[in-house]
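Text of query_0.cif, listed as mmCIF, C-alpha atoms:
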```cif
data_final
#
loop_
_atom_site.group_PDB
_atom_site.id
_atom_site.type_symbol
_atom_site.label_atom_id
_atom_site.label_comp_id
_atom_site.auth_asym_id
_atom_site.auth_seq_id
_atom_site.Cartn_x
_atom_site.Cartn_y
_atom_site.Cartn_z
ATOM 1 C CA MET A 186 0.000 0.000 0.000
ATOM 2 C CA VAL A 187 1.427 3.374 -1.040
ATOM 3 C CA LYS A 188 1.646 5.854 1.839
ATOM 4 C CA ILE A 189 0.081 9.126 0.650
ATOM 5 C CA ALA A 190 -0.078 12.219 2.856
ATOM 6 C CA ASP A 191 -2.806 14.753 2.045
ATOM 7 C CA LEU A 192 -1.611 18.309 2.686
ATOM 8 C CA GLY A 193 -5.021 19.906 2.175
ATOM 9 C CA THR A 194 -5.462 23.137 0.218
ATOM 10 C CA PHE A 195 -2.836 25.802 -0.494
ATOM 11 C CA THR A 196 -3.876 29.344 -1.388
ATOM 12 C CA LYS A 197 -0.362 30.834 -1.667
ATOM 13 C CA PRO A 198 2.528 29.970 -4.046
ATOM 14 C CA LEU A 199 4.400 26.688 -3.573
ATOM 15 C CA LEU A 200 8.103 26.120 -4.242
ATOM 16 C CA ILE A 201 8.756 22.705 -5.816
ATOM 17 C CA CYS A 202 12.147 21.002 -5.915
ATOM 18 C CA GLY A 203 13.576 17.505 -6.023
ATOM 19 C CA GLY A 204 16.844 15.629 -6.259
ATOM 20 C CA ALA A 205 18.869 17.725 -3.822
ATOM 21 C CA TYR A 206 21.446 14.905 -4.107
ATOM 22 C CA GLY A 207 23.472 16.047 -1.108
ATOM 23 C CA ASN A 208 24.303 19.365 -2.784
ATOM 24 C CA LEU A 209 24.289 21.773 0.158
ATOM 25 C CA GLN A 210 25.301 24.747 -1.985
ATOM 26 C CA ALA A 211 22.289 24.266 -4.263
ATOM 27 C CA LEU A 212 19.994 23.986 -1.243
ATOM 28 C CA GLU A 213 21.368 27.258 0.083
ATOM 29 C CA ALA A 214 20.740 28.903 -3.288
ATOM 30 C CA LEU A 215 17.196 27.540 -3.325
ATOM 31 C CA ALA A 216 16.589 28.984 0.132
ATOM 32 C CA GLY A 217 17.695 32.334 -1.253
ATOM 33 C CA LEU A 218 15.086 32.068 -4.013
ATOM 34 C CA GLN A 219 12.518 31.076 -1.406
ATOM 35 C CA VAL A 220 13.218 34.227 0.610
ATOM 36 C CA ALA A 221 13.177 36.409 -2.511
ATOM 37 C CA LEU A 222 9.762 35.042 -3.450
ATOM 38 C CA GLY A 223 8.412 35.318 0.104
ATOM 39 C CA ILE A 224 7.491 31.637 0.302
ATOM 40 C CA ASP A 225 7.062 30.060 3.752
ATOM 41 C CA ASP A 226 8.753 26.783 4.733
ATOM 42 C CA THR A 227 5.270 25.232 4.938
ATOM 43 C CA HIS A 228 4.942 25.861 1.187
ATOM 44 C CA VAL A 229 8.098 24.059 0.012
ATOM 45 C CA ILE A 230 7.933 20.499 -1.374
ATOM 46 C CA HIS A 231 10.887 18.187 -2.127
ATOM 47 C CA SER A 232 10.061 15.266 -4.437
ATOM 48 C CA GLY A 233 12.686 12.820 -3.183
ATOM 49 C CA ASP A 234 16.387 11.851 -3.368
ATOM 50 C CA ALA A 235 17.713 14.281 -0.789
ATOM 51 C CA VAL A 236 21.106 12.584 -1.139
ATOM 52 C CA ALA A 237 22.980 10.940 -3.991
ATOM 53 C CA TYR A 238 25.886 12.160 -6.143
ATOM 54 C CA CYS A 239 27.189 15.005 -3.980
ATOM 55 C CA ALA A 240 29.199 15.046 -0.766
ATOM 56 C CA ASP A 241 27.173 16.814 1.932
ATOM 57 C CA THR A 242 24.664 14.096 2.734
ATOM 58 C CA GLU A 243 24.015 14.721 6.439
ATOM 59 C CA ALA A 244 23.973 18.506 6.154
ATOM 60 C CA SER A 245 21.604 18.361 3.194
ATOM 61 C CA VAL A 246 19.104 16.079 4.922
ATOM 62 C CA GLN A 247 19.153 18.265 8.007
ATOM 63 C CA PHE A 248 18.744 21.379 5.847
ATOM 64 C CA ILE A 249 15.437 19.994 4.544
ATOM 65 C CA ALA A 250 14.259 18.277 7.726
ATOM 66 C CA THR A 251 14.871 21.107 10.194
ATOM 67 C CA ARG A 252 13.006 23.609 8.037
ATOM 68 C CA GLY A 253 9.961 21.404 7.988
ATOM 69 C CA TRP A 254 9.723 21.351 4.205
ATOM 70 C CA HIS A 255 7.288 18.762 2.908
ATOM 71 C CA ALA A 256 9.133 15.798 1.395
ATOM 72 C CA ILE A 257 8.555 12.321 0.032
ATOM 73 C CA MET A 258 10.717 9.239 -0.272
ATOM 74 C CA GLY A 259 12.705 8.935 -3.434
ATOM 75 C CA ASN A 260 14.244 5.581 -4.280
ATOM 76 C CA VAL A 261 17.363 6.599 -2.312
ATOM 77 C CA GLU A 262 15.383 7.337 0.869
ATOM 78 C CA GLU A 263 13.499 4.054 0.468
ATOM 79 C CA GLN A 264 16.712 2.065 0.089
ATOM 80 C CA ILE A 265 18.544 3.756 2.956
ATOM 81 C CA ALA A 266 15.536 3.373 5.249
ATOM 82 C CA GLN A 267 15.514 -0.345 4.491
ATOM 83 C CA GLY A 268 19.277 -0.713 4.857
ATOM 84 C CA ALA A 269 19.449 -1.975 1.274
ATOM 85 C CA ALA A 270 22.738 -2.700 -0.474
ATOM 86 C CA ASP A 271 22.207 -0.302 -3.399
ATOM 87 C CA CYS A 272 20.372 2.905 -4.320
ATOM 88 C CA GLY A 273 17.558 1.272 -6.291
ATOM 89 C CA CYS A 274 17.895 3.980 -8.950
ATOM 90 C CA GLY A 275 16.919 1.743 -11.853
ATOM 91 C CA PHE A 276 20.305 1.923 -13.574
ATOM 92 C CA ALA A 277 21.146 -0.955 -15.918
ATOM 93 C CA GLU A 278 23.384 -3.502 -14.208
ATOM 94 C CA GLY A 279 27.005 -2.969 -15.182
ATOM 95 C CA SER A 280 26.409 0.505 -16.642
ATOM 96 C CA ALA A 281 28.614 3.478 -15.803
ATOM 97 C CA CYS A 282 25.838 4.947 -13.633
ATOM 98 C CA ASP A 283 25.479 1.649 -11.806
ATOM 99 C CA ALA A 284 29.215 1.506 -11.034
ATOM 100 C CA ALA A 285 29.373 5.122 -9.850
ATOM 101 C CA SER A 286 26.270 4.730 -7.687
ATOM 102 C CA ALA A 287 27.975 2.072 -5.593
ATOM 103 C CA ARG A 288 30.487 4.677 -4.404
ATOM 104 C CA TRP A 289 28.137 7.554 -3.627
ATOM 105 C CA TYR A 290 25.566 5.253 -2.036
ATOM 106 C CA ALA A 291 28.234 3.804 0.270
ATOM 107 C CA HIS A 292 29.248 7.369 1.171
ATOM 108 C CA SER A 293 25.633 8.206 2.033
ATOM 109 C CA LEU A 294 25.279 5.134 4.235
ATOM 110 C CA ALA A 295 28.518 5.941 6.031
ATOM 111 C CA THR A 296 27.823 9.623 6.687
ATOM 112 C CA LEU A 297 24.114 9.794 7.542
ATOM 113 C CA SER A 298 23.186 9.965 11.230
ATOM 114 C CA ALA A 299 20.634 7.674 12.841
ATOM 115 C CA GLY A 300 18.311 10.664 13.117
ATOM 116 C CA SER A 301 18.497 11.384 9.392
ATOM 117 C CA ARG A 302 17.818 7.753 8.562
ATOM 118 C CA GLN A 303 14.820 7.836 10.873
ATOM 119 C CA TRP A 304 13.548 10.977 9.137
ATOM 120 C CA MET A 305 13.856 9.235 5.776
ATOM 121 C CA ALA A 306 12.008 6.167 7.034
ATOM 122 C CA GLY A 307 9.108 8.310 8.237
ATOM 123 C CA LEU A 308 8.509 10.109 4.948
ATOM 124 C CA PRO A 309 5.383 9.404 2.892
ATOM 125 C CA GLN A 310 5.852 7.917 -0.563
ATOM 126 C CA GLN A 311 3.536 10.452 -2.193
ATOM 127 C CA LEU A 312 1.755 13.706 -1.370
ATOM 128 C CA ALA A 313 -1.638 15.050 -2.430
ATOM 129 C CA PHE A 314 -2.962 18.605 -2.241
ATOM 130 C CA SER A 315 -5.210 21.144 -3.948
ATOM 131 C CA THR A 316 -4.273 24.612 -5.165
ATOM 132 C CA GLY A 317 -5.860 27.043 -7.615
ATOM 133 C CA GLY A 318 -8.772 24.680 -8.112
ATOM 134 C CA ILE A 319 -6.381 21.911 -9.249
ATOM 135 C CA ARG A 320 -5.925 18.563 -7.524
ATOM 136 C CA ALA A 321 -2.237 17.545 -7.524
ATOM 137 C CA GLN A 322 -0.244 14.467 -6.551
ATOM 138 C CA VAL A 323 3.513 14.358 -5.906
ATOM 139 C CA VAL A 324 5.389 11.169 -6.823
ATOM 140 C CA HIS A 325 9.078 10.432 -7.278
ATOM 141 C CA GLY A 326 9.425 8.422 -10.486
ATOM 142 C CA SER A 327 5.963 7.397 -11.640
ATOM 143 C CA VAL A 328 2.675 6.769 -9.883
ATOM 144 C CA GLN A 329 3.354 3.037 -9.565
ATOM 145 C CA LEU A 330 7.165 2.810 -9.536
ATOM 146 C CA THR A 331 9.448 4.990 -7.443
ATOM 147 C CA ASN A 332 12.417 4.459 -9.767
ATOM 148 C CA ARG A 333 10.760 4.726 -13.183
ATOM 149 C CA PHE A 334 12.228 7.352 -15.503
ATOM 150 C CA MET A 335 9.424 9.445 -17.053
ATOM 151 C CA PHE A 336 11.159 11.730 -19.571
ATOM 152 C CA ALA A 337 9.472 14.472 -21.604
ATOM 153 C CA SER A 338 9.855 12.451 -24.819
ATOM 154 C CA LEU A 339 7.590 9.658 -23.554
ATOM 155 C CA CYS A 340 4.515 9.204 -25.754
ATOM 156 C CA ASP A 341 1.162 10.720 -24.727
ATOM 157 C CA ALA A 342 -0.254 7.273 -23.997
ATOM 158 C CA GLY A 343 2.510 6.626 -21.462
ATOM 159 C CA PHE A 344 1.645 9.762 -19.509
ATOM 160 C CA GLU A 345 -2.088 9.132 -19.857
ATOM 161 C CA ARG A 346 -1.784 5.677 -18.303
ATOM 162 C CA GLU A 347 -0.039 7.141 -15.260
ATOM 163 C CA LEU A 348 -2.414 10.102 -14.925
ATOM 164 C CA ASP A 349 -5.377 7.737 -15.065
ATOM 165 C CA LEU A 350 -4.100 6.056 -11.890
ATOM 166 C CA VAL A 351 -4.602 9.138 -9.681
ATOM 167 C CA ASP A 352 -7.484 11.379 -8.703
ATOM 168 C CA ALA A 353 -5.562 14.431 -9.871
ATOM 169 C CA ASP A 354 -5.155 16.663 -12.897
ATOM 170 C CA LEU A 355 -1.514 17.436 -12.117
ATOM 171 C CA VAL A 356 1.230 14.964 -11.266
ATOM 172 C CA ILE A 357 4.486 16.410 -9.949
ATOM 173 C CA ALA A 358 7.450 14.065 -10.311
ATOM 174 C CA GLY A 359 11.238 13.954 -10.061
ATOM 175 C CA HIS A 360 13.899 11.284 -10.702
ATOM 176 C CA THR A 361 14.798 12.178 -14.317
ATOM 177 C CA GLY A 362 17.012 15.192 -13.505
ATOM 178 C CA ILE A 363 15.692 17.255 -16.442
ATOM 179 C CA PRO A 364 12.833 19.756 -16.003
ATOM 180 C CA PHE A 365 9.723 19.794 -18.175
ATOM 181 C CA THR A 366 5.974 20.352 -18.077
ATOM 182 C CA ARG A 367 3.985 18.105 -20.390
ATOM 183 C CA ARG A 368 0.340 18.924 -21.091
ATOM 184 C CA ILE A 369 -1.867 15.913 -21.817
ATOM 185 C CA GLY A 370 -5.325 17.239 -22.701
ATOM 186 C CA ASN A 371 -6.535 19.170 -19.658
ATOM 187 C CA ARG A 372 -4.008 17.450 -17.382
ATOM 188 C CA CYS A 373 -0.287 17.983 -16.819
ATOM 189 C CA TRP A 374 2.791 16.003 -15.844
ATOM 190 C CA HIS A 375 5.341 18.334 -14.275
ATOM 191 C CA ASN A 376 8.974 17.709 -13.383
ATOM 192 C CA SER A 377 10.787 20.556 -11.619
ATOM 193 C CA GLY A 378 14.156 19.078 -12.611
ATOM 194 C CA ALA A 379 17.009 18.277 -10.255
ATOM 195 C CA LEU A 380 18.174 20.751 -7.647
ATOM 196 C CA GLY A 381 21.473 18.987 -6.992
ATOM 197 C CA MET A 382 22.889 18.405 -10.476
ATOM 198 C CA PRO A 383 22.817 20.463 -13.701
ATOM 199 C CA ALA A 384 20.425 19.230 -16.380
ATOM 200 C CA ASN A 385 22.992 18.029 -18.961
ATOM 201 C CA ASP A 386 22.366 21.208 -20.949
ATOM 202 C CA GLY A 387 25.904 22.599 -20.874
ATOM 203 C CA THR A 388 25.160 25.146 -18.140
ATOM 204 C CA SER A 389 25.862 24.923 -14.421
ATOM 205 C CA ARG A 390 22.281 25.888 -13.529
ATOM 206 C CA VAL A 391 20.000 23.674 -11.471
ATOM 207 C CA TRP A 392 16.221 23.809 -11.392
ATOM 208 C CA ALA A 393 13.116 24.266 -9.265
ATOM 209 C CA SER A 394 9.606 25.528 -9.962
ATOM 210 C CA VAL A 395 6.814 27.591 -8.454
ATOM 211 C CA LEU A 396 3.094 26.847 -8.471
ATOM 212 C CA THR A 397 1.051 30.039 -8.277
ATOM 213 C CA PRO A 398 -2.691 29.675 -7.632
ATOM 214 C CA GLY A 399 -5.149 32.266 -8.851
ATOM 215 C CA PRO A 400 -8.898 32.732 -9.269
ATOM 216 C CA ASP A 401 -8.866 31.097 -12.703
ATOM 217 C CA GLY A 402 -6.489 28.240 -12.015
ATOM 218 C CA LEU A 403 -2.792 27.536 -11.573
ATOM 219 C CA GLY A 404 0.464 28.764 -13.086
ATOM 220 C CA ILE A 405 3.480 26.411 -13.182
ATOM 221 C CA THR A 406 6.749 28.321 -13.646
ATOM 222 C CA HIS A 407 10.225 26.854 -14.117
ATOM 223 C CA HIS A 408 13.145 28.578 -12.385
ATOM 224 C CA ALA A 409 16.854 28.163 -13.156
ATOM 225 C CA ILE A 410 19.127 28.584 -10.120
ATOM 226 C CA GLU A 411 22.796 29.556 -9.989
ATOM 227 C CA PHE A 412 24.789 28.132 -7.066
ATOM 228 C CA ASP A 413 28.371 27.829 -5.825
ATOM 229 C CA THR A 414 29.435 25.169 -8.308
ATOM 230 C CA HIS A 415 33.116 25.400 -7.368
ATOM 231 C CA THR A 416 32.531 24.496 -3.729
ATOM 232 C CA ALA A 417 30.075 21.737 -4.596
ATOM 233 C CA ALA A 418 32.567 20.219 -7.044
ATOM 234 C CA GLN A 419 35.453 20.513 -4.592
ATOM 235 C CA ARG A 420 33.434 18.768 -1.881
ATOM 236 C CA ILE A 421 32.879 15.818 -4.252
ATOM 237 C CA ARG A 422 36.586 15.619 -4.996
ATOM 238 C CA THR A 423 37.576 15.997 -1.348
ATOM 239 C CA GLU A 424 35.363 13.055 -0.389
ATOM 240 C CA ASN A 425 36.825 10.987 -3.259
ATOM 241 C CA LEU A 426 33.438 10.482 -4.893
ATOM 242 C CA PRO A 427 33.195 9.849 -8.665
ATOM 243 C CA ALA A 428 35.005 12.750 -10.344
ATOM 244 C CA GLY A 429 32.573 12.795 -13.247
ATOM 245 C CA TYR A 430 29.935 14.351 -11.040
ATOM 246 C CA ALA A 431 32.324 17.082 -9.901
ATOM 247 C CA ASP A 432 33.179 17.799 -13.532
ATOM 248 C CA GLY A 433 29.470 17.812 -14.354
ATOM 249 C CA MET A 434 28.867 20.568 -11.821
ATOM 250 C CA GLU A 435 31.253 22.811 -13.734
ATOM 251 C CA THR A 436 30.512 21.786 -17.330
ATOM 252 C CA GLY A 437 26.785 21.190 -17.007
ATOM 253 C CA LEU A 438 27.226 17.811 -18.719
ATOM 254 C CA TRP A 439 26.464 14.424 -17.183
ATOM 255 C CA PRO A 440 29.339 11.934 -16.965
ATOM 256 C CA SER A 441 27.122 9.198 -18.412
ATOM 257 C CA LEU A 442 24.087 9.266 -20.697
ATOM 258 C CA ASP A 443 23.087 5.657 -19.994
ATOM 259 C CA ILE A 444 19.568 6.464 -18.796
ATOM 260 C CA LEU A 445 18.650 8.962 -21.515
ATOM 261 C CA PRO A 446 16.240 8.213 -24.380
ATOM 262 C CA ASP A 447 17.400 9.232 -27.865
ATOM 263 C CA HIS A 448 15.601 12.601 -27.818
ATOM 264 C CA GLU A 449 17.143 13.726 -24.526
ATOM 265 C CA ARG A 450 20.526 12.312 -25.482
ATOM 266 C CA ALA A 451 20.513 14.378 -28.685
ATOM 267 C CA ALA A 452 19.823 17.539 -26.634
ATOM 268 C CA THR A 453 23.037 17.136 -24.604
ATOM 269 C CA GLY A 454 24.797 20.470 -24.194
ATOM 270 C CA GLN A 455 21.896 22.545 -25.531
ATOM 271 C CA PRO A 456 20.904 25.172 -22.918
ATOM 272 C CA LEU A 457 17.336 24.765 -21.735
ATOM 273 C CA GLN A 458 15.074 27.733 -22.488
ATOM 274 C CA LEU A 459 12.651 27.090 -19.615
ATOM 275 C CA ASP A 460 13.694 29.756 -17.104
ATOM 276 C CA GLY A 461 10.590 31.807 -16.323
ATOM 277 C CA HIS A 462 8.406 29.724 -18.652
ATOM 278 C CA THR A 463 4.881 29.303 -17.280
ATOM 279 C CA VAL A 464 2.242 26.712 -18.139
ATOM 280 C CA ARG A 465 -1.298 27.542 -17.025
ATOM 281 C CA MET A 466 -3.970 25.104 -15.938
ATOM 282 C CA ALA A 467 -7.628 26.089 -15.736
ATOM 283 C CA ARG A 468 -9.473 25.690 -12.436
ATOM 284 C CA ARG A 469 -11.577 22.561 -12.085
ATOM 285 C CA ALA A 470 -14.968 23.559 -10.693
ATOM 286 C CA SER A 471 -15.214 20.573 -8.333
ATOM 287 C CA VAL A 472 -11.941 21.319 -6.518
ATOM 288 C CA ALA A 473 -11.628 23.886 -3.724
#
```
Can you dump the structure from the file as structure tokens?
Amino acid sequence: MVKIADLGTFTKPLLICGGAYGNLQALEALAGLQVALGIDDTHVIHSGDAVAYCADTEASVQFIATRGWHAIMGNVEEQIAQGAADCGCGFAEGSACDAASARWYAHSLATLSAGSRQWMAGLPQQLAFSTGGIRAQVVHGSVQLTNRFMFASLCDAGFERELDLVDADLVIAGHTGIPFTRRIGNRCWHNSGALGMPANDGTSRVWASVLTPGPDGLGITHHAIEFDTHTAAQRIRTENLPAGYADGMETGLWPSLDILPDHERAATGQPLQLDGHTVRMARRASVA
């Protein structure tokens, strides 16, 4: 049974992020955006994978937990909570991502406190809420699978099957690391992108998004975030984690493209044009 926490109704803007990946510098930059936008801690949602590729695992978990941001389990939280031997990311066995994950996952296990593990174990797997007359559900990978990669290039039918599984017009997901908002009829699948790692677009930016409710519905706006890439990269190198991720912080390019479909692979190094882009959803009369 999937553990879903219902957050009720929000009438003010929400800040959406996911995949902090142990990147403390990106979290600090996100908090700066939060202050600039005047968004309360009670209106921040993290869609899973608080730790992964980067070095500051304990500090990053505590950054999220002590602020009381809403959060769900990603596959990494699920695996750590269970004391599993690997991250459960869905990487192909023997791939470059699979090999690198063994090192950063071991680092996470070794550096997380008992309190942080307990926090992870207590997280819901999904969240539900209403805002701007829209019913939304937050998942990590897909509705049914925590570690499924749902990229923007997936066919309409693939998104429709997932959307049909929830009582919601908007699904907010993470896991892929690349931001997008995909409209399927009157419904949307939204991915805020990864906060902790650039989006393979040749820039050192990371991503979050803001949901802004209004009398006629909801606006979904992507935000690019600049952060202290040098320090984040140096922390990875200091902890002797896979150097490709440190390089990726500075180049904006992923060290491996194993998980990418052809469309996303072909877009490698092309700067995303999503910063400030807003998709609007019309209010559904039956939702508060």
Inset, instruction - Identify which of the residues A:Ser315, A:Gln310, A:Ser298, A:Thr397 lies closest to Met186 in chain A, counting only C-alpha atoms when measuring atom-to-atom distances. - result: A:Gln310
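As for CA of Ile405 in chain A and CA of Lys188 in chain A, they are spaced 25.5 Å apart.
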Legend entry - Polymer residues at most 9 Å from Tyr206 in chain A, all atoms listed in the file, same-chain spacing of 2 or more positions, as a ChimeraX atom specification: /A:203-204,208-209,234-242,245,379-382
Legend entry - Between CA of Leu212 in chain A and CA of Thr361 in chain A, distance in Å (one decimal): 18.4 Å
Legend entry - Pick from A:Ile363, A:Glu213, A:Gly399, A:Asp447, whichever lies nearest to Pro198 in chain A using all atoms listed in the file: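 For Pro198 in chain A, the nearest of the given residues is A:Gly399.
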Legend entry - Top pick for closest residue to Thr406 in chain A, considering A:Arg465, A:His360, A:Arg333, A:His231 and counting all atoms listed in the file: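 Nearest to Thr406 in chain A: A:Arg465.
Among the candidates A:Ile319, A:Met335, A:Ala428, A:Ile357, the one nearest to Arg468 in chain A when counting only C-alpha atoms is A:Ile319.
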Legend entry - Nearest candidate to Leu218 in chain A (options A:Leu294, A:Ala337, A:Ala285, A:Ala393; using all atoms listed in the file):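 Ranked by minimum distance to Leu218 in chain A, first place goes to A:Ala393.
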Legend entry - Contacts of Leu297 in chain A within 9 Å, all atoms listed in the file, excl. fewer than 5 positions in-chain, as a PyMOL selection string: chain A and resi 242-244+246+292+302
Legend entry - the PyMOL selection byres ((chain A and resi 462) around 6) applied to the shown file, residues as a ChimeraX atom specification: /A:406-407,459-461,463
Inset, instruction - Pick out the closest residue to Ile249 in chain A from this set: A:Leu445, A:Leu396, A:Met466, A:Ala211. Count all atoms listed in the file. - result: A:Ala211
Inset, instruction - Provide the CA of Arg422 in chain A to CA of Met434 in chain A distance in Å, to one decimal place. - result: 11.4 Å
Let me know the residues the PyMOL selection byres ((chain A and resi 259-267) around 6) catches in the file above, as a JSON list (two decimals) with C-alpha atoms, in the frame of the given file.
```
[["chain", "number", "residue", "atom", "x", "y", "z"],
["A", 233, "GLY", "CA", 12.69, 12.82, -3.18],
["A", 234, "ASP", "CA", 16.39, 11.85, -3.37],
["A", 258, "MET", "CA", 10.72, 9.24, -0.27],
["A", 268, "GLY", "CA", 19.28, -0.71, 4.86],
["A", 269, "ALA", "CA", 19.45, -1.98, 1.27],
["A", 272, "CYS", "CA", 20.37, 2.90, -4.32],
["A", 273, "GLY", "CA", 17.56, 1.27, -6.29],
["A", 302, "ARG", "CA", 17.82, 7.75, 8.56],
["A", 305, "MET", "CA", 13.86, 9.24, 5.78],
["A", 306, "ALA", "CA", 12.01, 6.17, 7.03],
["A", 325, "HIS", "CA", 9.08, 10.43, -7.28],
["A", 331, "THR", "CA", 9.45, 4.99, -7.44],
["A", 332, "ASN", "CA", 12.42, 4.46, -9.77]]
```
Near Asp386 in chain A, counting all atoms listed in the file, which residues have an atom at most 8 Å away, once you skip same-chain residues fewer than 3 positions from it, shown as an mmCIF file with C-alpha atoms, in the frame of the given file?
```cif
data_model
loop_
_atom_site.group_PDB
_atom_site.id
_atom_site.type_symbol
_atom_site.label_atom_id
_atom_site.label_comp_id
_atom_site.auth_asym_id
_atom_site.auth_seq_id
_atom_site.Cartn_x
_atom_site.Cartn_y
_atom_site.Cartn_z
ATOM 1 C CA PRO A 383 22.817 20.463 -13.701
ATOM 2 C CA GLY A 437 26.785 21.190 -17.007
ATOM 3 C CA LEU A 438 27.226 17.811 -18.719
ATOM 4 C CA ALA A 452 19.823 17.539 -26.634
ATOM 5 C CA THR A 453 23.037 17.136 -24.604
ATOM 6 C CA GLY A 454 24.797 20.470 -24.194
ATOM 7 C CA GLN A 455 21.896 22.545 -25.531
ATOM 8 C CA PRO A 456 20.904 25.172 -22.918
ATOM 9 C CA LEU A 457 17.336 24.765 -21.735
#
```
Report the residues retrieved by the PyMOL selection byres ((chain A and resi 467) around 12) from the displayed file, expressed as a short mmCIF file (atom, residue, chain, number, x, y, z; two decimals) with C-alpha atoms, in the frame of the given file.
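part.cif, written as the output of this step:
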```cif
data_model
loop_
_atom_site.label_atom_id
_atom_site.label_comp_id
_atom_site.auth_asym_id
_atom_site.auth_seq_id
_atom_site.Cartn_x
_atom_site.Cartn_y
_atom_site.Cartn_z
CA THR A 316 -4.27 24.61 -5.16
CA GLY A 317 -5.86 27.04 -7.62
CA GLY A 318 -8.77 24.68 -8.11
CA ILE A 319 -6.38 21.91 -9.25
CA ARG A 320 -5.92 18.56 -7.52
CA ASP A 354 -5.16 16.66 -12.90
CA LEU A 355 -1.51 17.44 -12.12
CA ARG A 368 0.34 18.92 -21.09
CA GLY A 370 -5.32 17.24 -22.70
CA ASN A 371 -6.54 19.17 -19.66
CA ARG A 372 -4.01 17.45 -17.38
CA CYS A 373 -0.29 17.98 -16.82
CA PRO A 398 -2.69 29.68 -7.63
CA GLY A 399 -5.15 32.27 -8.85
CA PRO A 400 -8.90 32.73 -9.27
CA ASP A 401 -8.87 31.10 -12.70
CA GLY A 402 -6.49 28.24 -12.02
CA LEU A 403 -2.79 27.54 -11.57
CA GLY A 404 0.46 28.76 -13.09
CA ILE A 405 3.48 26.41 -13.18
CA VAL A 464 2.24 26.71 -18.14
CA ARG A 465 -1.30 27.54 -17.02
CA MET A 466 -3.97 25.10 -15.94
CA ARG A 468 -9.47 25.69 -12.44
CA ARG A 469 -11.58 22.56 -12.08
CA ALA A 470 -14.97 23.56 -10.69
CA SER A 471 -15.21 20.57 -8.33
CA VAL A 472 -11.94 21.32 -6.52
#
```
Compile the contact shell of Leu222 in chain A as a PDB file with C-alpha atoms, keeping the file's coordinate frame: residues with an atom at most 10 Å away, counting all atoms listed in the file, same-chain residues fewer than 2 positions apart removed.
```pdb
ATOM      1  CA  PRO A 198       2.528  29.970  -4.046  1.00  0.00           C
ATOM      2  CA  LEU A 199       4.400  26.688  -3.573  1.00  0.00           C
ATOM      3  CA  LEU A 200       8.103  26.120  -4.242  1.00  0.00           C
ATOM      4  CA  ALA A 216      16.589  28.984   0.132  1.00  0.00           C
ATOM      5  CA  GLY A 217      17.695  32.334  -1.253  1.00  0.00           C
ATOM      6  CA  LEU A 218      15.086  32.068  -4.013  1.00  0.00           C
ATOM      7  CA  GLN A 219      12.518  31.076  -1.406  1.00  0.00           C
ATOM      8  CA  VAL A 220      13.218  34.227   0.610  1.00  0.00           C
ATOM      9  CA  ILE A 224       7.491  31.637   0.302  1.00  0.00           C
ATOM     10  CA  ASP A 225       7.062  30.060   3.752  1.00  0.00           C
ATOM     11  CA  VAL A 395       6.814  27.591  -8.454  1.00  0.00           C
TER      12      VAL A 395
END
```
Inset, instruction - Find the residues around His415 in chain A up to 10 Å (only C-alpha atoms counted), leave out those fewer than 5 positions away in its own chain, and share them as an NGL selection string. - result: :A and (210 or 420 or 431-432 or 434-435)
With 8 Å on each side, where is the centre of the axis-aligned box around all listed atoms of range 206-214 of chain A, and how long are its edges in Å to one decimal, as lines of an AutoDock Vina configuration file?
```
center_x = 22.6
center_y = 21.9
center_z = -2.1
size_x = 21.3
size_y = 30.0
size_z = 20.4
```
